[in-house]
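*Asks:* Please read through the structure below; I'll follow up with questions.
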Amino acid sequence: MTYPIEHIAEVIGAVRHGFCPSSVAWLLTDSRSLTFPRETLFFALPGKHNDGHDYVKDLYNKGVRNFVVSRIPGRMENFDGANFLVVDDTRRAMQRLAAVHRQNFSVPVIGITGSNGKTIVKEWLYQLLEEDYRITRSPRSYNSQTGVPLSVWMMDESTELGLFEAGISDPGEMRPLWKIIRPTIGILTNIGSAHQENFSSLQEKCLEKLKLFQDCDVVIYDGDNELIQDCVNRSVLSVREIAWSSRNREKPLFIESIDKRNDRTVVRYRYIGLDNEYSIPFIDDASVQNSLHCLAACLYLGVSPETIRERMWRLEPIGMRLEVKEGLRGCAIINDSYNSDLSSLNIALDFMVRRQDDRKRKRTLILSDILQTGMSAKALYRNVDQLLVGKGIDRLIGVGRDIMSVGANFSIHDSQFFATTEELLDSGILDEMHSEQVLIKGARRFRFDRVSERLELKAHETILEVDLKAVAANLNYYRNMLEPGTRIVCMVKASAYGSGSIEVSRTLQDMHVNYLAVAVADEGAELRRAGITTGIMVMNPERSAFKTIFENHLEPEIYSFDLLDAFIRKAEHHGITDYPVHIKIDTGMHRLGFAPEDMPELIRHLKRHSAVIPRSVFSHFVGSDSPAFDDFTRLQIQRFESATSQLQEAFEHHIIRHICNTAGIERFPEVHYDMVRLGLGLYGVDPITNRALTPVCTLKTTILQIRDLEPGETVGYSRKGVISRPSRIAAIPIGYADGLNRHLGNGGAYCLVNGRKARYVGNICMDVCMIDVTDIDCREGDSVEIFGANLPVSELSDILGTIPYEIISTVSTRVKRVYFSE
């Protein structure tokens, strides 16, 4: 649906500056998500780290003409053709607009709130109802003050059912969300202590959540939950209730039995006097409870019990944060060190208990302080103790001063307590665990990832971490140097310089780059198979790969008459016309390319055939990173402009020109032309100074073993590492087969252990090398940084007398890549 800009201004009570006719179909709060600029209304939201007003100019340059702001970021004459709607609070304005939009629809809308399970209930309802309705639902978990209006705005003429989450963390937050969602069906999943710190009690939070349902036709909840039932009664909701219960046969939906088997749970229920049953392919309590909420909603919407039965069994799991990994010494590790509250602890414990495991293992819980519950430590951990006893926990390891202060009150005989995570790590008890099922459950601040790392069994402990957020940051760093409309090609050849081309390319595609560039056609085909749709240039097209190029819509670089003729013949054989190619001019590199004097003959070749059409023309700078070569760089520019002018004059369509590499982007802004090519800078290294930008890759490993050696002893092959003082020498599992250059050995370079420099001792072996940790406080299992955020890759390339490209692109494929992004 679209709305005239003047209507929107009236709805949100804005003062309008600029009076250009315009219609709005899309709301935008994240400038990176721009798709349809002419129909987009951008809300400049203030944030903790960013202010949306800072992105207005960039969005204007990309074609956006409608903005909701609290101040105009500049002079109006700089925004010709734009409309600025000025309000006091841009977020509230967006909420008002979404609320008015919602009033256009009389379809059923399900509003879901609660402490846990909102997203799973929403997604399961979608799975259960998608065959009956055209559904608009919250993407991901868009349940915040910003996410809800963006979700509801997605409703359009085709919407037959809405599914929306609502999450709150402060009193007073639900009423704005109610105005936007206005659910006809309400589901309260449960009430736990998440975000409890801003509420005086669980009752207060529950009452706040129930405000979402004040005008519902029906509200669905667990009628056996005394807190929820009491709050419903106090809220005096004038709505129908489906309070399902396994205790009270008078409730509208009575749960007669819940039968958990090896691979399923069978639920038998009675609704309006009729008995039925269904099965779900899950056995944990949380999944059962979530399915009961879904059951009630489906029954209310008139879905037959037979259909419910068939669809419930087909339910698919929604991604969980719990990770199950094989541990050392026969242990199994369940890592849920994401949050810590009573509800999520109950879920994790149930997962632990119900997890299929043929071997009998002791059940061990490593638990941190549970924070911000609003309860006293004594009352809180009394509840925790009851929970642990009920789940059959054999051993408790508590970390934190609160849980430690009440440690004597726990019923579990085998209990140990530590004030900090460091004390636990230093105690040695983790190294003694054997044949235990260990649940690691802790608040973020306790950094239990270190506990998990200590216990996990790792096939190869050397990994390359790739920060995709840093890739985006580096792209934006160089984009800010470009004039509006200048295109950008990102180099992802050689597996994105060793970072892994698929994940990096996905990030770049999300950032709307114009082209990706690979070395050979097979690299491009791999990206296409991975779902990459952005244009892909092939810099070294081989004749044997022409079929691959055509099949995958890749665009080849053409650098010689022989290659051009061969490609034309192949295209004509397949009946292809106007296939885009990129013409390379040799202006001084003398590697590949047409000579400038070849231009007349090249034009005749291109004009003689209809099989190909020049999409771009480009050249390579020889030394744009150094002022010493500036005269030659300017000569290259002259040759390029002369050659490309001839080519452009011969064709009616615009041919894209590009010559700037990463260094050229920064040093020669006057010749950005239509497009630039970004390579090394994208991966966090400035090729001009070799200084680090935002580091993308971190090569890490761990200490395998530490031994003490006396003076005169030697380390490694050929006895090259001679010990001159009493030393502690650590072995780490990385060698030249992983990409660690042998010339770094024998004290030639260093890595970092706990932030301290540790020099390589002796020759670097194929799979292992040794480092001197004599003056470093460290132990076996500690992390080692080979290069990364704290040890720039340029330091290693300087030592080796090479370039950073070589270091990062030669990291072996046997080194596991781990991708993360904020």
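Identifiers for the structure tokens are assigned positionally: chains receive A, B, ... in sequence, residues are indexed from 1 per chain, and ligands are indexed from 1 in the order shown.
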Running DSSP on the backbone, which parts of stretch 558-775 of chain A land in strand (DSSP E or B), as a PyMOL selection string?
*Replies:* chain A and resi 558+579-585+594+612-618+656-658+675-678+685+692+697-702+705-709+714-715+721-722+727-732+750-753+756-761+769-772
*Asks:* Within 7 Å of A:Thr29, counting only C-alpha atoms, which residues show up once you throw out same-chain ones fewer than 4 positions away? Write them as a list in words, please.
*Replies:* Phe42, Phe43, Ala44 and Leu45 of chain A
*Asks:* Would you save the residues of that selection, restricted to N, CA and C atoms, as a PDB file, in the first residue's frame?
*Replies:*
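Listed below is the output, result_18.pdb:
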ATOM      1  N   PHE A  42      12.356   7.525   5.080  1.00  0.00           N
ATOM      2  CA  PHE A  42      13.409   7.222   6.049  1.00  0.00           C
ATOM      3  C   PHE A  42      13.151   7.941   7.355  1.00  0.00           C
ATOM      4  N   PHE A  43      13.150   7.176   8.450  1.00  0.00           N
ATOM      5  CA  PHE A  43      13.025   7.742   9.789  1.00  0.00           C
ATOM      6  C   PHE A  43      14.418   7.838  10.400  1.00  0.00           C
ATOM      7  N   ALA A  44      14.868   9.030  10.680  1.00  0.00           N
ATOM      8  CA  ALA A  44      16.198   9.233  11.264  1.00  0.00           C
ATOM      9  C   ALA A  44      16.106   9.020  12.772  1.00  0.00           C
ATOM     10  N   LEU A  45      16.323   7.778  13.178  1.00  0.00           N
ATOM     11  CA  LEU A  45      16.184   7.421  14.591  1.00  0.00           C
ATOM     12  C   LEU A  45      17.489   7.657  15.333  1.00  0.00           C
TER      13      LEU A  45
END
*Asks:* Write out as number ranges by chain each polymer residue whose atoms come within 12 Å of A:Gln103, counting only C-alpha atoms; drop sequence neighbours fewer than 4 positions from it.
*Replies:* A: 96-99, 107, 109, 152-153, 155-156, 179-183
*Asks:* Within 9 Å of stretch 129-143 of chain A, which residues of stretch 64-119 of chain A come that close, and what is the closest atom pair and distance in Å for each? Count only C-alpha atoms and give it as a Markdown table.
*Replies:*
| residue | atom | partner | partner_atom | distance |
| --- | --- | --- | --- | --- |
| A:Thr113 | CA | A:Asn143 | CA | 8.8 |
| A:Lys118 | CA | A:Ser141 | CA | 8.3 |
| A:Thr119 | CA | A:Ser141 | CA | 6.1 |
*Asks:* Per DSSP on the backbone, what are the alpha helix (DSSP H) residues of stretch 133-347 of chain A, as a ChimeraX atom specification?
*Replies:* /A:147-152,174-181,202-210,226-235,285-300,305-312,342-347
*Asks:* If we count only C-alpha atoms, what is near A:Gly739 at a cut-off of 8 Å, once residues fewer than 6 positions away on the same chain are taken out, given as an MDAnalysis selection string?
*Replies:* chainID A and resid 807 810:812
*Asks:* Only C-alpha atoms, please: the residues just picked out, written as a PDB file, in the first residue's frame.
*Replies:*
ATOM      1  CA  ILE A 807      49.944 -13.660   4.310  1.00  0.00           C
ATOM      2  CA  THR A 810      47.859 -18.468   1.994  1.00  0.00           C
ATOM      3  CA  VAL A 811      46.043 -19.551   5.161  1.00  0.00           C
ATOM      4  CA  SER A 812      45.338 -23.222   4.496  1.00  0.00           C
TER       5      SER A 812
END
*Asks:* Give the answer as one residue: which of A:Leu752, A:Met481, A:Ile603, A:Leu210 has the shortest atom-to-atom distance to A:Asp58, using only C-alpha atoms?
*Replies:*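 Among the listed residues, A:Met481 lies closest to A:Asp58.
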*Asks:* Which residue gives the smallest distance to A:Met539 among A:Pro596, A:His434, A:Leu602, A:Phe618, with only C-alpha atoms counted?
*Replies:*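 Among the listed residues, the smallest separation from A:Met539 belongs to A:Phe618.
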*Asks:* Do a neighbour search on A:Ile808 at 9 Å with only C-alpha atoms, toss out local chain neighbours closer than 5 positions, and write the hits as an NGL selection string.
*Replies:* :A and (497-499 or 697 or 739 or 793)
*Asks:* Could the residues in this selection be written to a file with C-alpha atoms, as a compact mmCIF listing (two decimals), in the first residue's frame?
*Replies:*
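Saved the output as part_38.txt:
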# COMPACT_ATOMS: atom_id res chain seq x y z
CA TYR A 497 41.95 -13.37 -0.02
CA GLY A 498 41.67 -16.44 2.17
CA SER A 499 38.67 -15.21 4.17
CA CYS A 697 40.71 -11.81 9.92
CA GLY A 739 50.07 -21.13 6.08
CA VAL A 793 49.10 -8.89 9.43
*Asks:* Ranking A:Glu503, A:Asp230, A:Asp467, A:Glu204 by minimum distance to A:Tyr683 and counting only C-alpha atoms, which one comes first?
*Replies:*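 Closest candidate: A:Asp467.
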*Asks:* Find the residues around stretch 672-681 of chain A up to 7 Å (only C-alpha atoms counted), leave out those fewer than 2 positions away in its own chain, and share them as a ChimeraX atom specification.
*Replies:* /A:474,486-491,656-662,665,669-670,683-687,805
*Asks:* For a quick check of understanding, using only C-alpha atoms, which of A:Asp449, A:Glu806, A:Asp767, A:Asp222 has the smallest distance to A:Arg247?
*Replies:*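 Closest residue, counting only C-alpha atoms: A:Asp222.
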*Asks:* I need the residue nearest A:Lys469 from this list: A:Glu555, A:Asp772, A:Glu710, A:Asp510. Use only C-alpha atoms for the distance.
*Replies:*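 When distances to A:Lys469 are compared using only C-alpha atoms, the smallest one comes from A:Asp510.
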*Asks:* In Å, how far is it from atom CA of A:Ile764 to atom CA of A:Asp708?
*Replies:* 19.1 Å
*Asks:* Quick one: distance from atom CA of A:Gly330 to atom CA of A:Lys816 in Å, one decimal?
*Replies:*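 Here the two named atoms are 23.3 Å from each other.
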*Asks:* Could you jot down the atom CA of A:Ala494 to atom CA of A:Phe787 separation for me, Å, one decimal place?
*Replies:*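 Pair atom CA of A:Ala494 / atom CA of A:Phe787 returns 19.2 Å.
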*Asks:* Which residue out of A:Glu526, A:Asp284, A:Asp775, A:Glu597 has the minimum interatomic distance to A:Met352 when only C-alpha atoms are used?
*Replies:* A:Asp284
